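Student: The structure that follows is given in the form of structure tokens.
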Amino acid sequence: MKCTFTIFRFDPSKDEKPYYQKYSVDAEPTDKILDCLNTIRWEQDPTLAYRASCSHGICGSDALVINGSITLACQKLVRDFKTGGNFVIEPLPLFNVLKDLVVDQNPFFEKHRYVRPYLINDEELPEKERIQDPEQQKVIEPALRCILCASCTASCPISRANPEYVGPAALLRAFRYIYDSRDTASGSRLAQLNDENGAWGCQTMWWCSDVCPKGIPVTRCIGQIKRAIKEQEKKT
Ligand code: SF4
């Protein structure tokens, strides 16, 4: 089928302002949107910039706004959209555009680093690895599915209003360690998130959960952090 792709273009090094460029692509209904972008770049316009890597929903590189919704270009097929073969492709909101569909994700990863995304355990090292049983692992399993695509944070209205808010993806990563049975820093992790730029910034709007391509209940996990903060406060 003939498809029309209307794509956001902007090269800050030479364009005064963004504009949209149309491309025509012969696509199968089962083609991924990423396949169509590749066709445009490889056969029509090598100047078009976008991110992609694994093409199978694992690397999280190709989160975009497709026909108004944030999603992964490699996880959506042409037939998923009932728009008569018309597609509008835009970069993720919230972040500065580096070129076309490529945004600056540094602020996103700075917030990820802020929550200390690694296991902290100051107890004596065991002879082999630190053991975690399946029940303990089940608690953090939703957060383990996160591919850091930034869709949740880009969609979050609080992140848009308050640049200091750590955002849903970083909070989810914090949840992953707060509830990891092997981590011994949950107390300081909860204290770190006990303000309006941390867990209390979340207004429970669920947009993050709605857009997550891995089906992670992000808002629910943030709610668990809030409850844990309250419980910790009761103890002190
Ligand atoms: S929680 Fe979901 S939307 Fe957010 S970064 Fe992880 S995979 Fe992407």
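For the structure tokens, the naming scheme is as follows: chains receive sequential letters (A, B, ...) according to their order of presentation, residues are indexed from 1 within each chain, and ligands are indexed from 1 in presentation order.
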Can you work out which residues are within 9 Å of ligand 1, considering only C-alpha atoms and all ligand atoms, and then hand them over as a CSV table (one decimal) with C-alpha atoms, in the first residue's frame?

Tutor:
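Okay, selection38.csv is ready:
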chain,number,residue,atom,x,y,z
A,58,ILE,CA,14.8,-4.5,23.5
A,60,GLY,CA,14.6,1.2,23.6
A,63,ALA,CA,10.8,5.8,21.0
A,71,THR,CA,5.5,4.4,21.1
A,142,PRO,CA,8.1,-5.5,36.6
A,143,ALA,CA,10.9,-3.0,36.9
A,144,LEU,CA,13.4,-5.5,35.4
A,145,ARG,CA,11.5,-5.3,32.1
A,146,CYS,CA,12.4,-1.6,31.7
A,147,ILE,CA,14.4,-0.9,28.6
A,148,LEU,CA,15.0,2.8,29.4
A,149,CYS,CA,13.2,4.0,26.3
A,150,ALA,CA,12.2,7.3,28.1
A,151,SER,CA,8.6,7.1,26.8
A,152,CYS,CA,7.2,7.3,30.3
A,153,THR,CA,9.3,10.3,31.3
A,154,ALA,CA,8.6,12.1,28.0
A,155,SER,CA,4.8,11.6,28.4
A,168,PRO,CA,8.9,8.0,36.3
A,169,ALA,CA,11.7,6.0,34.7
A,170,ALA,CA,14.2,7.0,37.4
A,172,LEU,CA,11.0,2.9,38.6
A,173,ARG,CA,14.8,2.2,38.6
A,208,CYS,CA,3.6,6.8,32.2
A,209,SER,CA,2.0,3.4,32.6
A,210,ASP,CA,-0.3,3.9,29.6
A,211,VAL,CA,2.7,4.6,27.2
A,212,CYS,CA,5.1,2.0,28.5
A,213,PRO,CA,5.9,-0.4,25.7
A,214,LYS,CA,6.8,-3.1,28.2
A,215,GLY,CA,3.5,-2.9,30.0
A,216,ILE,CA,5.2,-2.0,33.3
A,217,PRO,CA,2.8,-0.6,36.0
A,218,VAL,CA,5.1,2.4,36.6

Student: Neighbouring residues of segment 179-193 of chain A were defined as those with any atom within 12 Å, considering only C-alpha atoms; residues of the same chain fewer than 4 positions away were excluded. Please report them as a ChimeraX atom specification.

Tutor: /A:111,114-126,129-144,165-168,170-175,197-202,221-222,224-233,235-236

Student: Which polymer residues have any atom within 8 Å of an atom of Cys36 of chain A, counting only C-alpha atoms, with same-chain residues fewer than 5 positions away left out, as a VMD selection string?

Tutor: chain A and resid 25 27 31

Student: Enumerate as an mmCIF file with N, CA, C and O atoms, in the first residue's frame all residues of segment 121-184 of chain A assigned to alpha helix (DSSP H) by DSSP on the backbone, naming them with the chain letters and numbers the document uses.

Tutor:
data_model
loop_
_atom_site.group_PDB
_atom_site.id
_atom_site.type_symbol
_atom_site.label_atom_id
_atom_site.label_comp_id
_atom_site.auth_asym_id
_atom_site.auth_seq_id
_atom_site.Cartn_x
_atom_site.Cartn_y
_atom_site.Cartn_z
ATOM 1 N N PRO A 134 13.093 -16.985 43.996
ATOM 2 C CA PRO A 134 12.119 -16.544 42.975
ATOM 3 C C PRO A 134 11.039 -15.620 43.536
ATOM 4 O O PRO A 134 10.600 -14.691 42.854
ATOM 5 N N GLU A 135 10.601 -15.846 44.778
ATOM 6 C CA GLU A 135 9.562 -14.988 45.360
ATOM 7 C C GLU A 135 10.077 -13.561 45.540
ATOM 8 O O GLU A 135 9.372 -12.587 45.275
ATOM 9 N N GLN A 136 11.323 -13.448 45.991
ATOM 10 C CA GLN A 136 11.916 -12.114 46.162
ATOM 11 C C GLN A 136 12.101 -11.436 44.803
ATOM 12 O O GLN A 136 11.899 -10.234 44.660
ATOM 13 N N GLN A 137 12.445 -12.237 43.818
ATOM 14 C CA GLN A 137 12.688 -11.683 42.492
ATOM 15 C C GLN A 137 11.392 -11.192 41.846
ATOM 16 O O GLN A 137 11.361 -10.205 41.123
ATOM 17 N N LYS A 138 10.280 -11.897 42.195
ATOM 18 C CA LYS A 138 8.977 -11.537 41.627
ATOM 19 C C LYS A 138 8.579 -10.106 42.016
ATOM 20 O O LYS A 138 7.918 -9.410 41.250
ATOM 21 N N VAL A 139 9.009 -9.660 43.190
ATOM 22 C CA VAL A 139 8.640 -8.318 43.664
ATOM 23 C C VAL A 139 9.172 -7.238 42.705
ATOM 24 O O VAL A 139 8.509 -6.243 42.421
ATOM 25 N N ILE A 140 10.378 -7.449 42.207
ATOM 26 C CA ILE A 140 10.989 -6.407 41.359
ATOM 27 C C ILE A 140 10.874 -6.727 39.868
ATOM 28 O O ILE A 140 11.326 -5.953 39.035
ATOM 29 N N GLU A 141 10.235 -7.845 39.549
ATOM 30 C CA GLU A 141 10.181 -8.293 38.152
ATOM 31 C C GLU A 141 9.648 -7.240 37.181
ATOM 32 O O GLU A 141 10.227 -7.047 36.098
ATOM 33 N N PRO A 142 8.563 -6.503 37.539
ATOM 34 C CA PRO A 142 8.078 -5.508 36.558
ATOM 35 C C PRO A 142 9.164 -4.513 36.179
ATOM 36 O O PRO A 142 9.320 -4.168 35.002
ATOM 37 N N ALA A 143 9.925 -4.073 37.186
ATOM 38 C CA ALA A 143 10.940 -3.049 36.918
ATOM 39 C C ALA A 143 12.104 -3.607 36.099
ATOM 40 O O ALA A 143 12.785 -2.857 35.394
ATOM 41 N N LEU A 144 12.315 -4.914 36.175
ATOM 42 C CA LEU A 144 13.419 -5.511 35.405
ATOM 43 C C LEU A 144 13.134 -5.473 33.904
ATOM 44 O O LEU A 144 14.038 -5.606 33.090
ATOM 45 N N SER A 151 10.015 6.725 27.198
ATOM 46 C CA SER A 151 8.640 7.077 26.803
ATOM 47 C C SER A 151 7.839 7.601 27.986
ATOM 48 O O SER A 151 7.077 8.567 27.868
ATOM 49 N N CYS A 152 7.986 6.930 29.141
ATOM 50 C CA CYS A 152 7.193 7.318 30.318
ATOM 51 C C CYS A 152 7.544 8.735 30.750
ATOM 52 O O CYS A 152 6.660 9.564 30.993
ATOM 53 N N THR A 153 8.825 9.021 30.835
ATOM 54 C CA THR A 153 9.253 10.346 31.289
ATOM 55 C C THR A 153 8.847 11.421 30.280
ATOM 56 O O THR A 153 8.405 12.506 30.655
ATOM 57 N N ALA A 154 8.963 11.104 28.990
ATOM 58 C CA ALA A 154 8.575 12.079 27.964
ATOM 59 C C ALA A 154 7.083 12.378 28.018
ATOM 60 O O ALA A 154 6.653 13.492 27.701
ATOM 61 N N SER A 155 6.290 11.388 28.431
ATOM 62 C CA SER A 155 4.832 11.594 28.441
ATOM 63 C C SER A 155 4.362 12.265 29.733
ATOM 64 O O SER A 155 3.233 12.740 29.807
ATOM 65 N N PRO A 157 3.344 14.657 32.479
ATOM 66 C CA PRO A 157 3.088 16.106 32.556
ATOM 67 C C PRO A 157 3.855 16.779 33.681
ATOM 68 O O PRO A 157 4.173 17.965 33.583
ATOM 69 N N ILE A 158 4.183 16.031 34.733
ATOM 70 C CA ILE A 158 4.941 16.642 35.833
ATOM 71 C C ILE A 158 6.381 16.901 35.386
ATOM 72 O O ILE A 158 6.971 17.936 35.685
ATOM 73 N N SER A 159 6.953 15.932 34.654
ATOM 74 C CA SER A 159 8.316 16.129 34.143
ATOM 75 C C SER A 159 8.377 17.346 33.220
ATOM 76 O O SER A 159 9.376 18.060 33.176
ATOM 77 N N ARG A 160 7.298 17.570 32.487
ATOM 78 C CA ARG A 160 7.290 18.723 31.578
ATOM 79 C C ARG A 160 7.203 20.029 32.361
ATOM 80 O O ARG A 160 7.803 21.030 31.994
ATOM 81 N N ALA A 161 6.458 19.994 33.486
ATOM 82 C CA ALA A 161 6.261 21.233 34.264
ATOM 83 C C ALA A 161 7.421 21.511 35.214
ATOM 84 O O ALA A 161 7.721 22.660 35.518
ATOM 85 N N PRO A 168 9.323 9.370 36.028
ATOM 86 C CA PRO A 168 8.888 7.993 36.266
ATOM 87 C C PRO A 168 9.945 6.921 36.001
ATOM 88 O O PRO A 168 10.040 5.950 36.747
ATOM 89 N N ALA A 169 10.757 7.080 34.979
ATOM 90 C CA ALA A 169 11.729 6.021 34.671
ATOM 91 C C ALA A 169 12.769 5.901 35.780
ATOM 92 O O ALA A 169 13.127 4.797 36.214
ATOM 93 N N ALA A 170 13.242 7.043 36.272
ATOM 94 C CA ALA A 170 14.240 7.011 37.356
ATOM 95 C C ALA A 170 13.615 6.473 38.638
ATOM 96 O O ALA A 170 14.255 5.714 39.382
ATOM 97 N N LEU A 171 12.357 6.835 38.891
ATOM 98 C CA LEU A 171 11.689 6.309 40.092
ATOM 99 C C LEU A 171 11.496 4.797 39.980
ATOM 100 O O LEU A 171 11.642 4.067 40.963
ATOM 101 N N LEU A 172 11.183 4.357 38.781
ATOM 102 C CA LEU A 172 11.033 2.904 38.597
ATOM 103 C C LEU A 172 12.365 2.197 38.852
ATOM 104 O O LEU A 172 12.417 1.118 39.461
ATOM 105 N N ARG A 173 13.454 2.796 38.405
ATOM 106 C CA ARG A 173 14.764 2.187 38.634
ATOM 107 C C ARG A 173 15.089 2.182 40.134
ATOM 108 O O ARG A 173 15.656 1.225 40.660
ATOM 109 N N ALA A 174 14.694 3.266 40.826
ATOM 110 C CA ALA A 174 14.894 3.303 42.285
ATOM 111 C C ALA A 174 14.085 2.179 42.942
ATOM 112 O O ALA A 174 14.591 1.479 43.830
ATOM 113 N N PHE A 175 12.841 2.007 42.496
ATOM 114 C CA PHE A 175 11.981 0.936 43.024
ATOM 115 C C PHE A 175 12.677 -0.422 42.897
ATOM 116 O O PHE A 175 12.667 -1.250 43.797
ATOM 117 N N ARG A 176 13.325 -0.610 41.748
ATOM 118 C CA ARG A 176 13.980 -1.891 41.459
ATOM 119 C C ARG A 176 15.031 -2.252 42.529
ATOM 120 O O ARG A 176 15.230 -3.414 42.860
ATOM 121 N N TYR A 177 15.714 -1.202 43.055
ATOM 122 C CA TYR A 177 16.743 -1.461 44.078
ATOM 123 C C TYR A 177 16.194 -1.370 45.495
ATOM 124 O O TYR A 177 16.647 -2.100 46.374
ATOM 125 N N ILE A 178 15.217 -0.482 45.706
ATOM 126 C CA ILE A 178 14.615 -0.380 47.056
ATOM 127 C C ILE A 178 14.025 -1.736 47.453
ATOM 128 O O ILE A 178 14.141 -2.170 48.595
#

Student: Excluding Cys54 of chain A and residues on its chain fewer than 6 positions from it, collect all residues at most 12 Å away from it, counting only C-alpha atoms, and give them as a PyMOL selection string.

Tutor: chain A and resi 34+60-62+72-75+147

Student: Which residues are close to Ser24 of chain A, i.e. within 9 Å by only C-alpha atoms, leaving aside same-chain residues fewer than 4 positions away? Reply as a VMD selection string.

Tutor: chain A and resid 2 to 6 40
